[in-house]
Amino acid sequence: MLRKEKRILMHVGPVTILDRILYAGLKNNVGFSSPEFIQAFQYSLKKTRELFQVDNTYQPFLIPGGGTSAMESVTSLLKEGEKVLVATNGVFGDRWIEIFKKYPVKVDILKAEPGYYVEPEIVEKQVKKERYALVTFTQVETSTGVRQPIKESVKAVRDYVDLVVVDGVSSVGAEEVKAKDWSVDVYLTASQKAIGVPPGIGILVLSENAMKRLNDEKSVAGYYLDLRNWLPVMRGMEEGKGGYFSTPPVHTILMLQEALKIITEEEGLENRIKRHERIASTIRAGVEGMGLQIVAKRPEAYSNTVTGVLLKKVNADSVLSNIISEGIELAPGVHPALKEKYFRIGHMGWVTENDAIATIATIERVLKKLGEDVKVGEGVRAAQLYLSE
Ligand code: PMP
């Protein structure tokens, strides 16, 4: 019973949420035109700019849904027959392909093997060959835990494409993100990931260059996710007047406000990124210490938020079900090429050093019981040594 009640959630989203944030959403009488809600929306839009490191030349959007709704809303910027290029490192990079294929645009694909990212030079070569309206990158590919070097990747393509789009769903709030300095046109995330809010909100910022495309009547977008329909609401909210296109996730916005307050005014964004870096290093030290390998193949590809762990003998499903019954929820492997052979540790949001140690200790114990070839105690030792350096 206690293991369930006191479970530690080391998933890739939703993540453990602070009580303070949950309580901020417990309001029984707040409608979408109430002053409290409009103020929360206004504050969240302002802080969204800070989160992505952009100024007022960028337009923030908070739309219902999550990562996928934010991704699909990018079709607002495309016209029939235009060509897009998807650089994909796994399942979530591939999602762009699935989305674009539903619309009358042409899609080219550059794919990396699991554990790797598409090299910026390869993308550069491709954009020099063909004219693309848009190129997509995924900053942290959640299916493998691989981080794409966004600054370098954008630099490689910037002069040859109209729009650069970055999926920061598993990175914003935990990795360095500088949308303006890096000249990214669309950067997006979701509420339930590294900013540690319940699911329900897709979050984007659009550059002036991207916003110009919203003036074009002829986009391929549908209705609900056409950013043209959401723009007057964002402007109304920012001006403190409110607005409506479709009912917003009112209570989740109240929680987002609380989280953004903690992130930007209490913890500090830089400290938050450093905390994620430190915890990710602790987890990796622990995994390697117990004698297992991680999915990301090179240190440059290690992420602050997700670690894929490769198993030698035992089946991943049995590992996950045994670990959850010991009080820790991890995430299953989802990359088709590696399924059954790995699992993922999510370490984003409000994760602490103690969570990391408990996770490594539990993984070691459960794997040993299941007959995996691990050095019990060595993972915890390596993690502790890293943290006490
Ligand atoms: N992109 C990435 C990198 C993700 O990790 C996810 C979700 N895990 C998504 C997109 C889709 O987000 P959602 O599940 O909120 O629709």
# chains A, B, ... in the order shown; residues from 1 in each chain; ligands from 1
>>> closest_atom_pairs(of="chain A", to="ligand 1", cutoff="6 Å", atoms="only C-alpha atoms and all ligand atoms", output="JSON lines")
{"residue": "A:Gly66", "atom": "CA", "partner": "ligand 1", "partner_atom_place_in_ligand_line": "15 (O)", "distance": 3.7}
{"residue": "A:Gly67", "atom": "CA", "partner": "ligand 1", "partner_atom_place_in_ligand_line": "12 (O)", "distance": 3.3}
{"residue": "A:Thr68", "atom": "CA", "partner": "ligand 1", "partner_atom_place_in_ligand_line": "16 (O)", "distance": 3.6}
{"residue": "A:Phe92", "atom": "CA", "partner": "ligand 1", "partner_atom_place_in_ligand_line": "1 (N)", "distance": 4.9}
{"residue": "A:Val140", "atom": "CA", "partner": "ligand 1", "partner_atom_place_in_ligand_line": "3 (C)", "distance": 5.9}
{"residue": "A:Glu141", "atom": "CA", "partner": "ligand 1", "partner_atom_place_in_ligand_line": "3 (C)", "distance": 5.1}
{"residue": "A:Thr142", "atom": "CA", "partner": "ligand 1", "partner_atom_place_in_ligand_line": "5 (O)", "distance": 4.5}
{"residue": "A:Asp167", "atom": "CA", "partner": "ligand 1", "partner_atom_place_in_ligand_line": "1 (N)", "distance": 6.0}
{"residue": "A:Val169", "atom": "CA", "partner": "ligand 1", "partner_atom_place_in_ligand_line": "3 (C)", "distance": 4.7}
{"residue": "A:Ser170", "atom": "CA", "partner": "ligand 1", "partner_atom_place_in_ligand_line": "3 (C)", "distance": 5.2}
{"residue": "A:Ala190", "atom": "CA", "partner": "ligand 1", "partner_atom_place_in_ligand_line": "15 (O)", "distance": 5.6}
>>> write_last_selection(atoms="N, CA and C atoms", output="short mmCIF file (atom, residue, chain, number, x, y, z; two decimals), in the first residue's frame")
data_model
loop_
_atom_site.label_atom_id
_atom_site.label_comp_id
_atom_site.auth_asym_id
_atom_site.auth_seq_id
_atom_site.Cartn_x
_atom_site.Cartn_y
_atom_site.Cartn_z
N GLY A 66 -1.35 19.62 -26.06
CA GLY A 66 -0.02 19.37 -25.50
C GLY A 66 1.00 19.48 -26.61
N GLY A 67 1.98 18.58 -26.56
CA GLY A 67 3.04 18.62 -27.57
C GLY A 67 2.49 18.43 -28.97
N THR A 68 1.58 17.47 -29.12
CA THR A 68 1.11 17.15 -30.47
C THR A 68 0.23 18.27 -31.04
N PHE A 92 9.40 10.65 -31.81
CA PHE A 92 8.75 11.97 -31.80
C PHE A 92 9.19 12.84 -32.97
N VAL A 140 15.21 17.24 -27.61
CA VAL A 140 15.48 15.96 -26.94
C VAL A 140 14.47 14.95 -27.48
N GLU A 141 14.99 13.94 -28.15
CA GLU A 141 14.13 12.88 -28.68
C GLU A 141 13.79 11.96 -27.50
N THR A 142 12.55 12.04 -27.04
CA THR A 142 12.16 11.36 -25.81
C THR A 142 12.22 9.84 -25.92
N ASP A 167 11.06 21.25 -31.78
CA ASP A 167 10.25 20.60 -30.75
C ASP A 167 11.10 20.56 -29.48
N VAL A 169 9.71 19.83 -26.50
CA VAL A 169 8.78 19.24 -25.52
C VAL A 169 9.52 18.61 -24.34
N SER A 170 10.61 17.90 -24.61
CA SER A 170 11.35 17.30 -23.50
C SER A 170 12.58 18.11 -23.12
N ALA A 190 5.23 21.43 -24.02
CA ALA A 190 3.94 21.03 -23.46
C ALA A 190 4.02 21.17 -21.95
#
>>> residues_around(residues="A:Ile122", least_positions_apart="3", cutoff="12 Å", atoms="only C-alpha atoms", output="list in words")
Leu85, Ala87, Ile109, Leu110, Lys111, Ala112, Tyr117, Val118, Glu119, Lys125, Gln126, Val127, Lys128, Lys129, Glu152, Ser153, Ala156 and Val157 of chain A
>>> write_last_selection(atoms="N, CA and C atoms", output="PDB file, in the first residue's frame")
ATOM      1  N   LEU A  85      11.143  19.684 -44.498  1.00  0.00           N
ATOM      2  CA  LEU A  85      12.187  18.693 -44.219  1.00  0.00           C
ATOM      3  C   LEU A  85      12.132  18.348 -42.728  1.00  0.00           C
ATOM      4  N   ALA A  87      14.066  16.404 -39.740  1.00  0.00           N
ATOM      5  CA  ALA A  87      15.277  15.714 -39.257  1.00  0.00           C
ATOM      6  C   ALA A  87      14.845  14.946 -38.017  1.00  0.00           C
ATOM      7  N   ILE A 109      12.675  13.491 -45.553  1.00  0.00           N
ATOM      8  CA  ILE A 109      13.037  12.980 -44.222  1.00  0.00           C
ATOM      9  C   ILE A 109      14.525  12.684 -44.133  1.00  0.00           C
ATOM     10  N   LEU A 110      15.137  13.086 -43.026  1.00  0.00           N
ATOM     11  CA  LEU A 110      16.506  12.662 -42.714  1.00  0.00           C
ATOM     12  C   LEU A 110      16.434  11.960 -41.368  1.00  0.00           C
ATOM     13  N   LYS A 111      16.841  10.701 -41.334  1.00  0.00           N
ATOM     14  CA  LYS A 111      16.655   9.894 -40.116  1.00  0.00           C
ATOM     15  C   LYS A 111      17.989   9.498 -39.497  1.00  0.00           C
ATOM     16  N   ALA A 112      18.065   9.510 -38.169  1.00  0.00           N
ATOM     17  CA  ALA A 112      19.265   9.005 -37.487  1.00  0.00           C
ATOM     18  C   ALA A 112      18.969   7.624 -36.910  1.00  0.00           C
ATOM     19  N   TYR A 117      22.011  11.442 -33.429  1.00  0.00           N
ATOM     20  CA  TYR A 117      21.189  12.503 -34.003  1.00  0.00           C
ATOM     21  C   TYR A 117      21.638  12.769 -35.436  1.00  0.00           C
ATOM     22  N   VAL A 118      20.748  13.400 -36.192  1.00  0.00           N
ATOM     23  CA  VAL A 118      21.093  13.739 -37.578  1.00  0.00           C
ATOM     24  C   VAL A 118      22.131  14.864 -37.518  1.00  0.00           C
ATOM     25  N   GLU A 119      23.281  14.610 -38.108  1.00  0.00           N
ATOM     26  CA  GLU A 119      24.376  15.587 -38.053  1.00  0.00           C
ATOM     27  C   GLU A 119      23.973  16.880 -38.768  1.00  0.00           C
ATOM     28  N   LYS A 125      23.563  20.001 -46.086  1.00  0.00           N
ATOM     29  CA  LYS A 125      23.704  19.520 -47.462  1.00  0.00           C
ATOM     30  C   LYS A 125      22.342  19.426 -48.155  1.00  0.00           C
ATOM     31  N   GLN A 126      21.361  18.902 -47.411  1.00  0.00           N
ATOM     32  CA  GLN A 126      20.023  18.710 -47.981  1.00  0.00           C
ATOM     33  C   GLN A 126      19.327  20.047 -48.289  1.00  0.00           C
ATOM     34  N   VAL A 127      19.429  20.997 -47.349  1.00  0.00           N
ATOM     35  CA  VAL A 127      18.718  22.271 -47.588  1.00  0.00           C
ATOM     36  C   VAL A 127      19.382  23.096 -48.690  1.00  0.00           C
ATOM     37  N   LYS A 128      20.628  22.767 -48.989  1.00  0.00           N
ATOM     38  CA  LYS A 128      21.293  23.459 -50.106  1.00  0.00           C
ATOM     39  C   LYS A 128      20.836  22.888 -51.447  1.00  0.00           C
ATOM     40  N   LYS A 129      20.371  21.629 -51.395  1.00  0.00           N
ATOM     41  CA  LYS A 129      19.937  20.948 -52.616  1.00  0.00           C
ATOM     42  C   LYS A 129      18.520  21.327 -53.024  1.00  0.00           C
ATOM     43  N   GLU A 152      23.828  24.612 -33.262  1.00  0.00           N
ATOM     44  CA  GLU A 152      24.629  24.264 -34.437  1.00  0.00           C
ATOM     45  C   GLU A 152      23.736  23.844 -35.610  1.00  0.00           C
ATOM     46  N   SER A 153      22.664  23.124 -35.290  1.00  0.00           N
ATOM     47  CA  SER A 153      21.772  22.634 -36.349  1.00  0.00           C
ATOM     48  C   SER A 153      21.070  23.802 -37.039  1.00  0.00           C
ATOM     49  N   ALA A 156      23.380  25.739 -39.283  1.00  0.00           N
ATOM     50  CA  ALA A 156      23.687  25.049 -40.547  1.00  0.00           C
ATOM     51  C   ALA A 156      22.621  25.266 -41.623  1.00  0.00           C
ATOM     52  N   VAL A 157      21.390  25.522 -41.211  1.00  0.00           N
ATOM     53  CA  VAL A 157      20.307  25.611 -42.207  1.00  0.00           C
ATOM     54  C   VAL A 157      19.734  27.012 -42.378  1.00  0.00           C
TER      55      VAL A 157
END
>>> select_by_dssp(residues="stretch 77-311 of chain A", states="strand (DSSP E)", output="ChimeraX atom specification")
/A:83-88,106-111,134-138,140-141,146-147,163-167,186-190,200-206,293-294,306-310
>>> closest_atom_pairs(of="stretch 225-315 of chain A", to="stretch 352-366 of chain A", cutoff="12 Å", atoms="only C-alpha atoms", output="Markdown table")
| residue | atom | partner | partner_atom | distance |
| --- | --- | --- | --- | --- |
| A:Arg272 | CA | A:Thr352 | CA | 10.9 |
| A:Lys274 | CA | A:Thr352 | CA | 11.9 |
| A:Arg275 | CA | A:Thr352 | CA | 8.1 |
| A:His276 | CA | A:Thr352 | CA | 8.7 |
| A:Glu277 | CA | A:Glu353 | CA | 11.0 |
| A:Arg278 | CA | A:Glu353 | CA | 8.3 |
| A:Ile279 | CA | A:Glu353 | CA | 6.0 |
| A:Ala280 | CA | A:Ala356 | CA | 8.4 |
| A:Ser281 | CA | A:Ala356 | CA | 9.8 |
| A:Thr282 | CA | A:Ala356 | CA | 6.9 |
| A:Ile283 | CA | A:Ala356 | CA | 6.1 |
| A:Arg284 | CA | A:Ile360 | CA | 9.4 |
| A:Ala285 | CA | A:Ile360 | CA | 9.4 |
| A:Gly286 | CA | A:Ile360 | CA | 5.9 |
| A:Val287 | CA | A:Ile360 | CA | 7.0 |
| A:Glu288 | CA | A:Ile360 | CA | 10.4 |
| A:Gly289 | CA | A:Ile360 | CA | 9.7 |
| A:Met290 | CA | A:Glu364 | CA | 7.0 |
| A:Gly291 | CA | A:Glu364 | CA | 9.9 |
| A:Leu292 | CA | A:Glu364 | CA | 10.2 |
| A:Thr305 | CA | A:Ala356 | CA | 11.9 |
| A:Thr307 | CA | A:Ala356 | CA | 11.7 |
| A:Val309 | CA | A:Ile363 | CA | 10.5 |
| A:Leu311 | CA | A:Ile363 | CA | 11.4 |
| A:Val314 | CA | A:Val366 | CA | 10.9 |
>>> write_last_selection(atoms="N, CA and C atoms", output="compact mmCIF listing (two decimals), in the first residue's frame")
# COMPACT_ATOMS: atom_id res chain seq x y z
N ARG A 272 17.63 26.00 -12.57
CA ARG A 272 16.81 24.85 -12.91
C ARG A 272 17.51 23.97 -13.95
N LYS A 274 20.72 23.84 -14.44
CA LYS A 274 21.87 23.20 -13.76
C LYS A 274 21.44 22.01 -12.91
N ARG A 275 20.31 22.17 -12.23
CA ARG A 275 19.81 21.04 -11.41
C ARG A 275 19.53 19.83 -12.31
N HIS A 276 18.92 20.07 -13.45
CA HIS A 276 18.64 18.96 -14.35
C HIS A 276 19.93 18.30 -14.86
N GLU A 277 20.91 19.15 -15.13
CA GLU A 277 22.20 18.64 -15.63
C GLU A 277 22.85 17.73 -14.58
N ARG A 278 22.81 18.19 -13.35
CA ARG A 278 23.44 17.45 -12.24
C ARG A 278 22.71 16.12 -12.00
N ILE A 279 21.40 16.17 -12.04
CA ILE A 279 20.65 14.94 -11.78
C ILE A 279 20.81 13.96 -12.95
N ALA A 280 20.85 14.48 -14.16
CA ALA A 280 21.06 13.60 -15.32
C ALA A 280 22.42 12.92 -15.22
N SER A 281 23.44 13.67 -14.80
CA SER A 281 24.78 13.08 -14.67
C SER A 281 24.80 12.03 -13.56
N THR A 282 24.06 12.29 -12.50
CA THR A 282 23.98 11.32 -11.39
C THR A 282 23.35 10.02 -11.89
N ILE A 283 22.27 10.15 -12.62
CA ILE A 283 21.57 8.96 -13.14
C ILE A 283 22.50 8.18 -14.08
N ARG A 284 23.18 8.90 -14.96
CA ARG A 284 24.08 8.19 -15.90
C ARG A 284 25.22 7.50 -15.15
N ALA A 285 25.77 8.18 -14.14
CA ALA A 285 26.85 7.57 -13.35
C ALA A 285 26.32 6.28 -12.71
N GLY A 286 25.09 6.33 -12.22
CA GLY A 286 24.49 5.17 -11.57
C GLY A 286 24.28 4.02 -12.54
N VAL A 287 23.75 4.33 -13.71
CA VAL A 287 23.47 3.28 -14.70
C VAL A 287 24.78 2.62 -15.15
N GLU A 288 25.76 3.46 -15.48
CA GLU A 288 27.04 2.90 -15.93
C GLU A 288 27.76 2.19 -14.78
N GLY A 289 27.61 2.74 -13.59
CA GLY A 289 28.23 2.13 -12.40
C GLY A 289 27.74 0.71 -12.16
N MET A 290 26.44 0.47 -12.42
CA MET A 290 25.94 -0.89 -12.18
C MET A 290 26.25 -1.81 -13.36
N GLY A 291 26.87 -1.24 -14.40
CA GLY A 291 27.35 -2.07 -15.51
C GLY A 291 26.43 -2.10 -16.72
N LEU A 292 25.52 -1.14 -16.83
CA LEU A 292 24.65 -1.11 -18.01
C LEU A 292 25.02 0.06 -18.92
N THR A 305 17.17 15.30 -19.48
CA THR A 305 15.80 14.96 -19.09
C THR A 305 15.41 13.47 -19.21
N THR A 307 16.94 9.36 -19.83
CA THR A 307 18.02 8.40 -20.02
C THR A 307 17.43 7.06 -20.43
N VAL A 309 17.97 3.15 -20.94
CA VAL A 309 18.88 2.16 -20.36
C VAL A 309 18.74 0.84 -21.11
N LEU A 311 19.17 -3.10 -21.68
CA LEU A 311 19.25 -4.30 -20.84
C LEU A 311 20.07 -5.37 -21.56
N VAL A 314 17.40 -9.42 -19.42
CA VAL A 314 15.99 -9.50 -19.01
C VAL A 314 15.10 -8.64 -19.90
>>> residues_around(residues="A:Arg344", least_positions_apart="6", cutoff="10 Å", atoms="only C-alpha atoms", output="PyMOL selection string")
chain A and resi 10-12+142-145+294-295+306-310+316+320+330-334
>>> select_by_dssp(residues="stretch 286-334 of chain A", states="alpha helix (DSSP H)", output="ChimeraX atom specification")
/A:286-289,316-325
>>> write_last_selection(atoms="C-alpha atoms", output="mmCIF file, in the first residue's frame")
data_model
loop_
_atom_site.group_PDB
_atom_site.id
_atom_site.type_symbol
_atom_site.label_atom_id
_atom_site.label_comp_id
_atom_site.auth_asym_id
_atom_site.auth_seq_id
_atom_site.Cartn_x
_atom_site.Cartn_y
_atom_site.Cartn_z
ATOM 1 C CA GLY A 286 24.490 5.174 -11.568
ATOM 2 C CA VAL A 287 23.466 3.275 -14.696
ATOM 3 C CA GLU A 288 27.039 2.895 -15.930
ATOM 4 C CA GLY A 289 28.231 2.128 -12.396
ATOM 5 C CA ALA A 316 12.004 -4.606 -20.280
ATOM 6 C CA ASP A 317 8.310 -5.182 -19.495
ATOM 7 C CA SER A 318 9.092 -7.342 -16.488
ATOM 8 C CA VAL A 319 11.603 -4.761 -15.262
ATOM 9 C CA LEU A 320 9.017 -1.965 -15.390
ATOM 10 C CA SER A 321 6.246 -3.929 -13.699
ATOM 11 C CA ASN A 322 8.607 -5.047 -10.938
ATOM 12 C CA ILE A 323 9.999 -1.568 -10.398
ATOM 13 C CA ILE A 324 6.546 -0.020 -10.133
ATOM 14 C CA SER A 325 5.571 -2.547 -7.503
#
>>> residues_around(residues="stretch 263-268 of chain A", least_positions_apart="6", cutoff="8 Å", atoms="only C-alpha atoms", output="list in words")
Lys47, Glu50, Leu51 and Ile195 of chain A
>>> closest_residue(among="A:Leu254, A:Leu367, A:Ile99, A:Leu62", to="A:Leu227", atoms="only C-alpha atoms")
A:Leu62
>>> residues_around(residues="A:Arg7", least_positions_apart="4", cutoff="8 Å", atoms="only C-alpha atoms", output="PDB file with N, CA and C atoms, in the first residue's frame")
ATOM      1  N   LEU A   2       1.838   1.273   0.926  1.00  0.00           N
ATOM      2  CA  LEU A   2       2.684   2.470   1.044  1.00  0.00           C
ATOM      3  C   LEU A   2       3.499   2.745  -0.209  1.00  0.00           C
ATOM      4  N   ARG A   3       3.926   1.653  -0.849  1.00  0.00           N
ATOM      5  CA  ARG A   3       4.743   1.838  -2.059  1.00  0.00           C
ATOM      6  C   ARG A   3       3.940   2.518  -3.153  1.00  0.00           C
ATOM      7  N   ILE A 324       7.710  -0.787 -10.613  1.00  0.00           N
ATOM      8  CA  ILE A 324       6.546  -0.020 -10.133  1.00  0.00           C
ATOM      9  C   ILE A 324       6.005  -0.653  -8.847  1.00  0.00           C
ATOM     10  N   GLY A 327       7.707   0.743  -6.021  1.00  0.00           N
ATOM     11  CA  GLY A 327       7.458   2.146  -5.664  1.00  0.00           C
ATOM     12  C   GLY A 327       8.047   3.199  -6.581  1.00  0.00           C
ATOM     13  N   ILE A 328       8.561   2.779  -7.754  1.00  0.00           N
ATOM     14  CA  ILE A 328       9.074   3.795  -8.683  1.00  0.00           C
ATOM     15  C   ILE A 328       8.473   3.548 -10.066  1.00  0.00           C
ATOM     16  N   GLU A 329       7.873   4.576 -10.650  1.00  0.00           N
ATOM     17  CA  GLU A 329       7.321   4.424 -12.003  1.00  0.00           C
ATOM     18  C   GLU A 329       8.311   4.988 -13.018  1.00  0.00           C
TER      19      GLU A 329
END
>>> residues_around(residues="A:Leu256", least_positions_apart="3", cutoff="7 Å", atoms="only C-alpha atoms", output="JSON, numbers by chain")
{"A": [44, 197, 252, 253, 259, 260]}
>>> atom_distance(atom1="atom CA of A:Asn209", atom2="atom CA of A:Lys151")
18.2 Å
>>> residues_around(residues="A:Leu206", least_positions_apart="3", cutoff="6 Å", atoms="only C-alpha atoms", output="list of chain:residue names")
A:Tyr58, A:Gln59, A:Asp185, A:Val186, A:Ala210
>>> atom_distance(atom1="atom CA of A:Tyr302", atom2="atom CA of A:Val146")
5.8 Å
>>> atom_distance(atom1="atom CA of A:Val161", atom2="atom CA of A:Thr136")
10.8 Å
>>> closest_residue(among="A:Glu175, A:Glu113, A:Glu130, A:Asp19", to="A:Pro336", atoms="only C-alpha atoms")
A:Glu113
>>> closest_residue(among="A:Pro120, A:Pro232, A:Gly200, A:Gly25", to="A:Phe37", atoms="only C-alpha atoms")
A:Gly25
